[in-house]
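Trainee: Sharing a structure with you now.
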Amino acid sequence: MSAHIQVRDVTKRFGAMTALDRVALDIGRGEFAAVVGPSGCGKSTLMRIVAGLDTADGGDVHVGGRPVAGPHPGVGIVFQSAVLLPWKTVRGNIGFPFEMGGVDPRPHAARIDGLIRLAGLTGFEAHLPHQLSGGMQQRVAICRALAPDPDLLLLDEPFGALDAMTRETMNLELQRIWMESRKTVLMITHGIAEAVFLADRVHVMTARPGAIARSFDVDLPRPRTAETVEDPRFRRLVREVRALFGGAIGLG
Amino acid sequence: MRLLRSLPVPLVAALAAVGAWHAAVVAFSIPAYLVPPPAEVALRLLDDWRQLGFHAAVTLAEALGGFALAAVFGVLAAAILVWSPSLERAVMPVLLVIQTFPKIALAPLIVIWFGLGVGPKLLISFLVAVFPVLVSAIVGLRSVEKDMLDLARATRAPAWRIFWRVRLPFALPHIFGGLKVAVAFSVVGAVVGEWVGADRGLGYLLLWANANLDTALLFAILAWLAAIGLALYYAVEAAERLALPWHVSMRGRDLPLGT
C-alpha cells in the first residue's frame with residue numbers, strides 16, 4: 001500500500017538560498033508525523049508545498065496518489081496564529097471552509113456541534129474571537145481545520161504562540177482529537193519533546209540547506225499522558241533527537 | 001452647581017467658550033465688524049435661516065456628491081491596484097505626485113474647463129477627498145495576514161470570493177478611517193469650488209458677506225459649515241458602527257480624528 005503523503009526529492013530555493021535540499025519522506029494513512037527542526041530550516045516551506053500553497057523547484061509531492069499542483073481538497077491547515085475572522089463568531093469561523101467553498105454549512109451543523117464539544121468550546125459558540133483566550137482561539141482554528149472532515153491535517157507550529165502550560169494541555173487535547181478522528185497528521189514544530197510526545201514518527205530536519213537528517217519511530221503506547229514524559233524510552237528519544245542538533249536548540 | 005454637574009462636559013465647555021467670547025467682546029469693546037457678540041450671530045442665524053439653509057443645502061449636496069464619488073472610486077481603484085502589482089508600480093508614482101500637489105490650486109483651471117455649474121464643484125470636492133480613501137484602502141487591503149489568505153486559498157475558493165469575504169472586510173476599518181478624513185475634505189472642496197465661481201452655496205455667501213463686511217453673517221456661515229462637517233463626520237461614524245460592530249467594540253476609546 002502506498003503512503004498517504006509521498007515527498008520525493010523536494011528542492012526549494014529562494015534566490016541563492018536553498019531552503020529545502022532533496023527532502024524525502026513518507027507518511028502513512030492515519031499516521032501522526034512530526035517534522036522537528038530549528039527556526040529557518042525550511043520545515044514550514046515543506047508544509048506549504050504539501051498543502052499546495054507553494055511550489056517546489058525540484059522533486060514532487062503526491063497526496064493520496066495524486067501529484068500536488070495547487071491547493072487540494074481534503075486538507076485542514078492550522079497555523080501558529082489562529083488567524084480567525086474577527087467579525088465572525090466561533091461558530092461562524094468554524095464554518096469558514098464551507099463559506100469559502102460555497103457550501104451550505106447547515107447539513108454539517110451536527111458535525112460542527114460535535115467538534116465544538118470535542119474542543120471544549122461549548123457555551124462559546126456565539127463569542128467573537130477577541131473575547132477568547134489564545135488557547136481557545138487556537139482550538140477554534142483546529143475545529144475550523146477539521147470541519148470539512150479532511151483526510152489530512154497540516155499543523156504549522158500550532159501551539160508555538162501559547163504559553164507552556166496551555167501548550168501542554170493543547171497537546172493532550174490534540175492527541176485526544178486525533179485518536180477519535182484518526183486523520184493523517186503532519187505537524188511542524190521546533191519542540192522536540194512535543195514532537196516525540198505526539199507523533200508516531202519524528203523526522204528531524206537540519207538547516208541550511210533544509211534536509212531530513214534522520215527519522216525516529218516512536219513506539220510509546222497511547223494515549224500518552226503526563227507520565228509518558230517520565231518514561232525512560234521517551235527521555236532517550238528526546239535525547240537522541242536533541243543530540244542531532246548538538247544540544248543547541250529545542251528545550252520546548 | 002448641581003444643574004451644571006448634570007450637563008455633559010462638552011456642552012459645558014461650549015457654553016463656557018460662548019460666555020468667554022461675549023465677555024471678551026464687551027470687556028475689550030471690540031467693534032462688531034471685527035467680532036460680533038454671540039447674541040448677534042445667533043440672531044442672524046434665526047433671521048436669515050431660510051437663506052442660510054438654502055445655501056447650506058447647495059454646499060451639502062456638492063460635498064456629499066464629491067464624497068460619494070471619492071468613496072466609490074477610491075475603494076475601486078485601490079482594489080485594482082492591489083490586484084495588479086505591475087499596474088501599481090506604473091501608477092503609484094503618478095498618484096504620489098498628484099497626492100502631494102495642492103489640489104485646491106487646480107480649482108481655477110477646473111472652472112475654466114468645466115464652467116460654473118455643479119459639476120466642477122463635485123470634481124474639486126472629489127479630487128480633495130479621494131486620496132485619503134485611496135491610500136487607506138490600499139493599506140487596508142494589504143493588511144490581511146498572509147496566513148489568513150493562505151487559509152482562504154487552501155479552501156480553493158475563487159479569487160473574487162476571497163476578496164469579498166476576507167480582504168475587503170479586513171480592510172474596512174482602514175477604509176472607514178480614510179472616509180472620516182475624506183468627508184471633512186469634501187466640504188473644503190465644495191467651498192473652494194464655490195469661491196472660484198458660483199452663484200449659490202455657503203462658499204459663495206461667504207465671499208458676499210466678506211465683501212459687505214457683514215461679519216455677523218460670516219460667523220453664521222461658519223457655524224453652518226461647522227455643523228455640516230460634524231454631521232457628516234458622525235454620519236460616517238454611525239455607518240462604521242453599523243458595518244463594523246466587532247471593530248468598534250474592540251478598539252475601545254479613541255480620539256474622534258479618524259484611526
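Simple scheme: letters A, B, ... for chains in C-alpha cells order, numbers from 1 for residues in each chain, numbers from 1 for ligands in the order shown.
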Pull the closest atom pair for each residue of segment 25-127 of chain B that gets at most 9 Å from segment 157-181 of chain B, along with the distance in Å to one decimal, counting only C-alpha atoms, ordering rows by chain and then ascending residue number, as a Markdown table.
Mentor:
```
| residue | atom | partner | partner_atom | distance |
| --- | --- | --- | --- | --- |
| B:Phe67 | CA | B:Leu179 | CA | 8.4 |
| B:Ala70 | CA | B:Leu179 | CA | 8.8 |
| B:Ala71 | CA | B:Leu179 | CA | 6.9 |
| B:Val75 | CA | B:Ile175 | CA | 7.9 |
| B:Ala79 | CA | B:Leu168 | CA | 8.7 |
```
Trainee: Give the residues of chain B that lie within 8 Å of chain A; count only C-alpha atoms, and format the answer as a CSV table (one decimal) with all heavy atoms, in the first residue's frame.
Mentor:
```
chain,number,residue,atom,x,y,z
B,145,GLU,N,-3.4,39.3,7.0
B,145,GLU,CA,-2.3,38.4,7.2
B,145,GLU,C,-2.1,37.4,6.1
B,145,GLU,O,-3.1,36.9,5.6
B,145,GLU,CB,-2.5,37.7,8.5
B,145,GLU,CG,-2.1,38.4,9.8
B,145,GLU,CD,-2.4,37.6,11.0
B,145,GLU,OE1,-1.6,36.7,11.4
B,145,GLU,OE2,-3.4,37.9,11.6
B,147,ASP,N,-1.1,34.3,6.3
B,147,ASP,CA,-1.7,33.1,6.7
B,147,ASP,C,-3.2,33.0,6.5
B,147,ASP,O,-3.7,32.0,6.1
B,147,ASP,CB,-1.4,32.8,8.2
B,147,ASP,CG,0.0,32.4,8.5
B,147,ASP,OD1,0.8,32.1,7.5
B,147,ASP,OD2,0.4,32.3,9.7
B,148,MET,N,-3.8,34.2,6.7
B,148,MET,CA,-5.3,34.2,6.5
B,148,MET,C,-5.6,34.0,5.0
B,148,MET,O,-6.5,33.2,4.7
B,148,MET,CB,-5.8,35.6,7.0
B,148,MET,CG,-7.3,35.8,7.0
B,148,MET,SD,-8.1,34.9,8.3
B,148,MET,CE,-9.1,33.8,7.5
B,150,ASP,N,-3.7,32.5,2.9
B,150,ASP,CA,-3.3,31.1,2.5
B,150,ASP,C,-4.4,30.1,2.9
B,150,ASP,O,-4.8,29.2,2.2
B,150,ASP,CB,-2.0,30.7,3.2
B,150,ASP,CG,-0.8,31.2,2.5
B,150,ASP,OD1,-1.0,31.6,1.3
B,150,ASP,OD2,0.3,31.3,3.1
B,151,LEU,N,-5.0,30.4,4.1
B,151,LEU,CA,-6.1,29.6,4.6
B,151,LEU,C,-7.3,29.7,3.6
B,151,LEU,O,-7.9,28.6,3.3
B,151,LEU,CB,-6.5,30.1,6.0
B,151,LEU,CG,-7.0,29.1,7.0
B,151,LEU,CD1,-5.9,28.0,7.2
B,151,LEU,CD2,-7.3,29.8,8.3
B,152,ALA,N,-7.5,30.9,3.2
B,152,ALA,CA,-8.6,31.1,2.2
B,152,ALA,C,-8.3,30.4,0.9
B,152,ALA,O,-9.2,29.7,0.3
B,152,ALA,CB,-8.9,32.5,2.0
B,153,ARG,N,-7.1,30.5,0.4
B,153,ARG,CA,-6.7,29.8,-0.8
B,153,ARG,C,-6.8,28.3,-0.7
B,153,ARG,O,-7.1,27.7,-1.7
B,153,ARG,CB,-5.2,30.2,-1.1
B,153,ARG,CG,-5.1,31.5,-1.9
B,153,ARG,CD,-3.9,31.5,-2.8
B,153,ARG,NE,-2.6,31.3,-2.1
B,153,ARG,CZ,-1.6,30.5,-2.5
B,153,ARG,NH1,-1.7,29.9,-3.7
B,153,ARG,NH2,-0.5,30.4,-1.8
B,154,ALA,N,-6.4,27.8,0.5
B,154,ALA,CA,-6.4,26.4,0.7
B,154,ALA,C,-7.9,25.8,0.6
B,154,ALA,O,-8.0,24.6,0.3
B,154,ALA,CB,-5.8,26.0,2.0
B,155,THR,N,-8.9,26.6,0.8
B,155,THR,CA,-10.3,26.2,0.6
B,155,THR,C,-10.6,26.1,-0.9
B,155,THR,O,-11.7,25.7,-1.2
B,155,THR,CB,-11.3,27.1,1.3
B,155,THR,OG1,-11.2,28.4,0.7
B,155,THR,CG2,-11.0,27.2,2.8
B,156,ARG,N,-9.7,26.5,-1.7
B,156,ARG,CA,-9.9,26.6,-3.2
B,156,ARG,C,-11.1,27.5,-3.6
B,156,ARG,O,-11.8,27.2,-4.5
B,156,ARG,CB,-10.1,25.2,-3.7
B,156,ARG,CG,-8.9,24.3,-3.4
B,156,ARG,CD,-8.9,23.0,-4.1
B,156,ARG,NE,-10.2,22.2,-3.9
B,156,ARG,CZ,-10.7,21.4,-4.8
B,156,ARG,NH1,-10.1,21.2,-5.9
B,156,ARG,NH2,-11.8,20.8,-4.5
B,157,ALA,N,-11.3,28.5,-2.8
B,157,ALA,CA,-12.3,29.5,-3.1
B,157,ALA,C,-11.9,30.3,-4.3
B,157,ALA,O,-10.7,30.6,-4.5
B,157,ALA,CB,-12.6,30.4,-1.9
B,161,ARG,N,-14.3,35.6,-4.4
B,161,ARG,CA,-14.9,35.4,-3.1
B,161,ARG,C,-13.9,35.7,-1.9
B,161,ARG,O,-14.3,36.2,-0.9
B,161,ARG,CB,-15.4,34.0,-3.0
B,161,ARG,CG,-16.3,33.7,-1.7
B,161,ARG,CD,-16.8,32.3,-1.7
B,161,ARG,NE,-17.8,32.0,-2.6
B,161,ARG,CZ,-18.0,30.9,-3.2
B,161,ARG,NH1,-17.2,29.9,-2.9
B,161,ARG,NH2,-19.0,30.7,-4.1
B,162,ILE,N,-12.6,35.4,-2.2
B,162,ILE,CA,-11.6,35.7,-1.2
B,162,ILE,C,-11.5,37.2,-1.0
B,162,ILE,O,-11.4,37.7,0.2
B,162,ILE,CB,-10.2,35.1,-1.6
B,162,ILE,CG1,-10.2,33.6,-1.6
B,162,ILE,CG2,-9.1,35.6,-0.6
B,162,ILE,CD1,-9.0,33.0,-2.1
B,165,ARG,N,-15.0,38.2,0.8
B,165,ARG,CA,-15.3,37.7,2.2
B,165,ARG,C,-14.1,37.9,3.2
B,165,ARG,O,-14.3,37.8,4.4
B,165,ARG,CB,-15.7,36.2,2.1
B,165,ARG,CG,-16.9,35.9,1.3
B,165,ARG,CD,-18.1,36.1,2.1
B,165,ARG,NE,-19.3,35.9,1.2
B,165,ARG,CZ,-19.9,34.7,1.1
B,165,ARG,NH1,-19.5,33.7,1.7
B,165,ARG,NH2,-21.0,34.7,0.3
B,166,VAL,N,-12.9,38.1,2.6
B,166,VAL,CA,-11.8,38.2,3.5
B,166,VAL,C,-11.1,39.5,3.4
B,166,VAL,O,-11.0,40.3,4.3
B,166,VAL,CB,-10.8,37.0,3.3
B,166,VAL,CG1,-9.6,37.1,4.2
B,166,VAL,CG2,-11.5,35.7,3.5
B,244,LEU,N,-19.3,47.7,11.3
B,244,LEU,CA,-18.2,47.0,12.0
B,244,LEU,C,-18.4,47.0,13.5
B,244,LEU,O,-17.5,47.5,14.2
B,244,LEU,CB,-16.8,47.7,11.7
B,244,LEU,CG,-16.5,48.1,10.3
B,244,LEU,CD1,-15.2,49.0,10.3
B,244,LEU,CD2,-16.3,46.9,9.5
B,245,PRO,N,-19.5,46.4,13.9
B,245,PRO,CA,-19.7,46.4,15.4
B,245,PRO,C,-18.5,45.7,16.1
B,245,PRO,O,-18.1,46.1,17.2
B,245,PRO,CB,-21.0,45.7,15.6
B,245,PRO,CG,-21.2,45.0,14.3
B,245,PRO,CD,-20.6,45.7,13.2
B,246,TRP,N,-17.9,44.7,15.5
B,246,TRP,CA,-16.8,43.9,16.0
B,246,TRP,C,-15.6,44.8,16.2
B,246,TRP,O,-14.9,44.7,17.2
B,246,TRP,CB,-16.5,42.7,15.2
B,246,TRP,CG,-16.1,43.1,13.8
B,246,TRP,CD1,-17.1,43.3,12.7
B,246,TRP,CD2,-14.9,43.4,13.2
B,246,TRP,NE1,-16.4,43.7,11.6
B,246,TRP,CE2,-15.1,43.7,11.8
B,246,TRP,CE3,-13.6,43.4,13.7
B,246,TRP,CZ2,-14.0,44.1,11.0
B,246,TRP,CZ3,-12.5,43.7,12.8
B,246,TRP,CH2,-12.8,44.1,11.5
B,247,HIS,N,-15.4,45.7,15.3
B,247,HIS,CA,-14.2,46.6,15.3
B,247,HIS,C,-14.4,47.7,16.3
B,247,HIS,O,-13.5,48.0,17.2
B,247,HIS,CB,-13.9,47.1,14.0
B,247,HIS,CG,-12.7,48.1,13.9
B,247,HIS,ND1,-11.4,47.6,14.1
B,247,HIS,CD2,-12.6,49.4,13.8
B,247,HIS,CE1,-10.6,48.6,14.1
B,247,HIS,NE2,-11.3,49.7,13.9
B,250,MET,N,-14.0,46.6,19.8
B,250,MET,CA,-12.7,46.1,20.1
B,250,MET,C,-11.7,47.2,20.4
B,250,MET,O,-10.8,47.1,21.2
B,250,MET,CB,-12.1,45.3,18.9
B,250,MET,CG,-11.3,44.1,19.2
B,250,MET,SD,-11.3,43.0,17.9
B,250,MET,CE,-10.5,43.9,16.6
```
Trainee: From the list B:Ser136, B:Ser143, B:Asn212, B:Ser125, which residue is nearest Leu60 of chain B when using only C-alpha atoms?
Mentor: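 Closest to Leu60 of chain B, using only C-alpha atoms: B:Ser125.
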Trainee: Could you tell me, as a VMD selection string, which residues of segment 66-217 of chain A DSSP assigns to alpha helix (DSSP H) when given the backbone?
Mentor: chain A and resid 90 to 94 96 to 100 109 to 118 134 to 146 164 to 181 192 to 198
Trainee: Between B:Trp224, B:Tyr204, B:Phe73, B:Phe101, which one has atoms that come closest to Val191 of chain B, using only C-alpha atoms?
Mentor: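 Of the candidates, the smallest distance to Val191 of chain B is held by B:Tyr204.
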Trainee: Give me, please, the distance in Å between atom CA of Val196 of chain B and atom CA of Ala42 of chain B, quoted to one decimal.
Mentor: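 A separation of 28.4 Å between them.
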Trainee: May I have the residues within 8 Å of Gly64 of chain A as a ChimeraX atom specification, using only C-alpha atoms and disregarding those fewer than 4 positions away in the same chain?
Mentor: /A:3-5
Trainee: Could you jot down the atom CA of Ala61 of chain B to atom CA of Leu95 of chain B separation for me, Å, one decimal place?
Mentor: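 Separating atom CA of Ala61 of chain B from atom CA of Leu95 of chain B is a distance of 27.0 Å.
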Trainee: Quick one: distance from atom CA of Leu20 of chain A to atom CA of Gly65 of chain A in Å, one decimal?
Mentor: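 Separating atom CA of Leu20 of chain A from atom CA of Gly65 of chain A is a distance of 22.1 Å.
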Trainee: Can you pull out the residues contacting segment 110-113 of chain B? Cut-off 8 Å, using only C-alpha atoms, and skip same-chain residues under 5 positions away; I want them as a CSV table (one decimal) with N, CA and C atoms, in the first residue's frame.
Mentor:
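Result went into out-v5.csv, see below:
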```csv
chain,number,residue,atom,x,y,z
B,120,PRO,N,-18.2,71.2,-11.7
B,120,PRO,CA,-16.8,71.5,-11.2
B,120,PRO,C,-16.7,71.4,-9.7
B,124,ILE,N,-13.9,69.2,-7.8
B,124,ILE,CA,-12.9,69.6,-6.9
B,124,ILE,C,-13.1,68.9,-5.5
B,196,VAL,N,-14.3,79.9,-6.3
B,196,VAL,CA,-13.8,80.2,-7.6
B,196,VAL,C,-14.8,80.7,-8.6
B,197,GLY,N,-16.0,80.3,-8.4
B,197,GLY,CA,-17.1,80.7,-9.3
B,197,GLY,C,-18.4,80.1,-9.0
```
Trainee: Using only C-alpha atoms, determine which residues lie at most 12 Å from Ala184 of chain B, disregarding the query and same-chain residues fewer than 4 positions distant; provide the list as a PyMOL selection string.
Mentor: chain B and resi 60+63-64+66-67+125-126+128-130+132-133+177-180+188-191+225-236+257-258
Trainee: Excluding Gly134 of chain A and any residue of its chain fewer than 2 positions from it, enumerate the residues within 9 Å of it, using only C-alpha atoms, and give them as a list in words.
Mentor: Ser81, Ala82, Leu132, Met136, Gln137, Gln138, Arg139, Ala161, Leu162 and Thr166 of chain A
Trainee: Could you dump the residues just selected with all heavy atoms as a PDB file, in the first residue's frame?
Mentor:
```pdb
ATOM      1  N   SER A  81      -0.500  31.262  14.387  1.00  0.00           N
ATOM      2  CA  SER A  81      -1.529  32.160  14.923  1.00  0.00           C
ATOM      3  C   SER A  81      -2.876  31.664  14.410  1.00  0.00           C
ATOM      4  O   SER A  81      -2.968  31.087  13.336  1.00  0.00           O
ATOM      5  CB  SER A  81      -1.271  33.600  14.488  1.00  0.00           C
ATOM      6  OG  SER A  81      -1.399  33.728  13.100  1.00  0.00           O
ATOM      7  N   ALA A  82      -3.910  31.912  15.204  1.00  0.00           N
ATOM      8  CA  ALA A  82      -5.208  31.315  14.899  1.00  0.00           C
ATOM      9  C   ALA A  82      -5.811  31.865  13.607  1.00  0.00           C
ATOM     10  O   ALA A  82      -6.611  31.198  12.967  1.00  0.00           O
ATOM     11  CB  ALA A  82      -6.171  31.540  16.062  1.00  0.00           C
ATOM     12  N   LEU A 132     -11.996  35.603  23.395  1.00  0.00           N
ATOM     13  CA  LEU A 132     -11.441  34.306  23.776  1.00  0.00           C
ATOM     14  C   LEU A 132      -9.956  34.420  24.124  1.00  0.00           C
ATOM     15  O   LEU A 132      -9.264  35.314  23.650  1.00  0.00           O
ATOM     16  CB  LEU A 132     -11.586  33.311  22.625  1.00  0.00           C
ATOM     17  CG  LEU A 132     -12.973  33.088  22.038  1.00  0.00           C
ATOM     18  CD1 LEU A 132     -12.877  32.142  20.850  1.00  0.00           C
ATOM     19  CD2 LEU A 132     -13.928  32.529  23.078  1.00  0.00           C
ATOM     20  N   MET A 136      -8.006  29.183  23.457  1.00  0.00           N
ATOM     21  CA  MET A 136      -9.336  28.908  22.906  1.00  0.00           C
ATOM     22  C   MET A 136      -9.401  29.303  21.440  1.00  0.00           C
ATOM     23  O   MET A 136     -10.024  28.618  20.630  1.00  0.00           O
ATOM     24  CB  MET A 136     -10.400  29.663  23.705  1.00  0.00           C
ATOM     25  CG  MET A 136     -10.613  29.067  25.076  1.00  0.00           C
ATOM     26  SD  MET A 136     -11.826  29.998  25.993  1.00  0.00           S
ATOM     27  CE  MET A 136     -13.312  29.158  25.472  1.00  0.00           C
ATOM     28  N   GLN A 137      -8.745  30.405  21.081  1.00  0.00           N
ATOM     29  CA  GLN A 137      -8.716  30.802  19.672  1.00  0.00           C
ATOM     30  C   GLN A 137      -8.081  29.699  18.828  1.00  0.00           C
ATOM     31  O   GLN A 137      -8.560  29.377  17.748  1.00  0.00           O
ATOM     32  CB  GLN A 137      -7.914  32.099  19.508  1.00  0.00           C
ATOM     33  CG  GLN A 137      -8.608  33.318  20.073  1.00  0.00           C
ATOM     34  CD  GLN A 137      -7.853  34.595  19.787  1.00  0.00           C
ATOM     35  OE1 GLN A 137      -6.903  34.608  19.023  1.00  0.00           O
ATOM     36  NE2 GLN A 137      -8.273  35.681  20.411  1.00  0.00           N
ATOM     37  N   GLN A 138      -7.008  29.117  19.364  1.00  0.00           N
ATOM     38  CA  GLN A 138      -6.324  28.075  18.608  1.00  0.00           C
ATOM     39  C   GLN A 138      -7.202  26.825  18.486  1.00  0.00           C
ATOM     40  O   GLN A 138      -7.173  26.128  17.487  1.00  0.00           O
ATOM     41  CB  GLN A 138      -4.985  27.767  19.270  1.00  0.00           C
ATOM     42  CG  GLN A 138      -3.943  27.167  18.353  1.00  0.00           C
ATOM     43  CD  GLN A 138      -3.600  28.035  17.149  1.00  0.00           C
ATOM     44  OE1 GLN A 138      -4.162  29.082  16.935  1.00  0.00           O
ATOM     45  NE2 GLN A 138      -2.678  27.572  16.333  1.00  0.00           N
ATOM     46  N   ARG A 139      -8.006  26.570  19.542  1.00  0.00           N
ATOM     47  CA  ARG A 139      -8.934  25.433  19.441  1.00  0.00           C
ATOM     48  C   ARG A 139      -9.977  25.678  18.364  1.00  0.00           C
ATOM     49  O   ARG A 139     -10.391  24.754  17.661  1.00  0.00           O
ATOM     50  CB  ARG A 139      -9.615  25.206  20.792  1.00  0.00           C
ATOM     51  CG  ARG A 139      -8.757  24.364  21.694  1.00  0.00           C
ATOM     52  CD  ARG A 139      -9.468  24.044  22.953  1.00  0.00           C
ATOM     53  NE  ARG A 139      -8.953  24.865  24.036  1.00  0.00           N
ATOM     54  CZ  ARG A 139      -9.457  24.881  25.257  1.00  0.00           C
ATOM     55  NH1 ARG A 139     -10.527  24.159  25.531  1.00  0.00           N
ATOM     56  NH2 ARG A 139      -8.924  25.613  26.188  1.00  0.00           N
ATOM     57  N   ALA A 161       2.597  29.792  19.724  1.00  0.00           N
ATOM     58  CA  ALA A 161       2.370  31.119  20.295  1.00  0.00           C
ATOM     59  C   ALA A 161       1.758  31.044  21.695  1.00  0.00           C
ATOM     60  O   ALA A 161       1.450  32.067  22.286  1.00  0.00           O
ATOM     61  CB  ALA A 161       1.467  31.927  19.363  1.00  0.00           C
ATOM     62  N   LEU A 162       1.589  29.836  22.205  1.00  0.00           N
ATOM     63  CA  LEU A 162       0.908  29.700  23.502  1.00  0.00           C
ATOM     64  C   LEU A 162       1.925  29.533  24.639  1.00  0.00           C
ATOM     65  O   LEU A 162       3.063  29.122  24.415  1.00  0.00           O
ATOM     66  CB  LEU A 162      -0.023  28.481  23.479  1.00  0.00           C
ATOM     67  CG  LEU A 162      -1.084  28.485  22.372  1.00  0.00           C
ATOM     68  CD1 LEU A 162      -1.891  27.206  22.427  1.00  0.00           C
ATOM     69  CD2 LEU A 162      -2.005  29.691  22.511  1.00  0.00           C
ATOM     70  N   THR A 166      -0.530  26.089  28.759  1.00  0.00           N
ATOM     71  CA  THR A 166      -1.612  25.916  27.791  1.00  0.00           C
ATOM     72  C   THR A 166      -1.171  24.938  26.711  1.00  0.00           C
ATOM     73  O   THR A 166      -1.952  24.099  26.251  1.00  0.00           O
ATOM     74  CB  THR A 166      -1.976  27.269  27.147  1.00  0.00           C
ATOM     75  OG1 THR A 166      -2.131  28.232  28.180  1.00  0.00           O
ATOM     76  CG2 THR A 166      -3.248  27.164  26.350  1.00  0.00           C
TER      77      THR A 166
END
```
Trainee: Skip Leu244 of chain A itself and residues of its chain fewer than 3 positions away, then list as a VMD selection string all residues within 9 Å of it, counting only C-alpha atoms.
Mentor: chain A and resid 204 206 213 to 214 239 to 241 247
Trainee: Taking the chain letters and numbering used in this document, name the residues of segment 150-196 of chain A that DSSP puts in strand (DSSP E or B), as a VMD selection string.
Mentor: chain A and resid 152 to 156 184 to 189
Trainee: Which one of A:Asp9, A:Glu31, A:Asp149, A:Glu125 sits closest to His108 of chain A if you count only C-alpha atoms?
Mentor: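 Smallest distance to His108 of chain A is found for A:Asp149.
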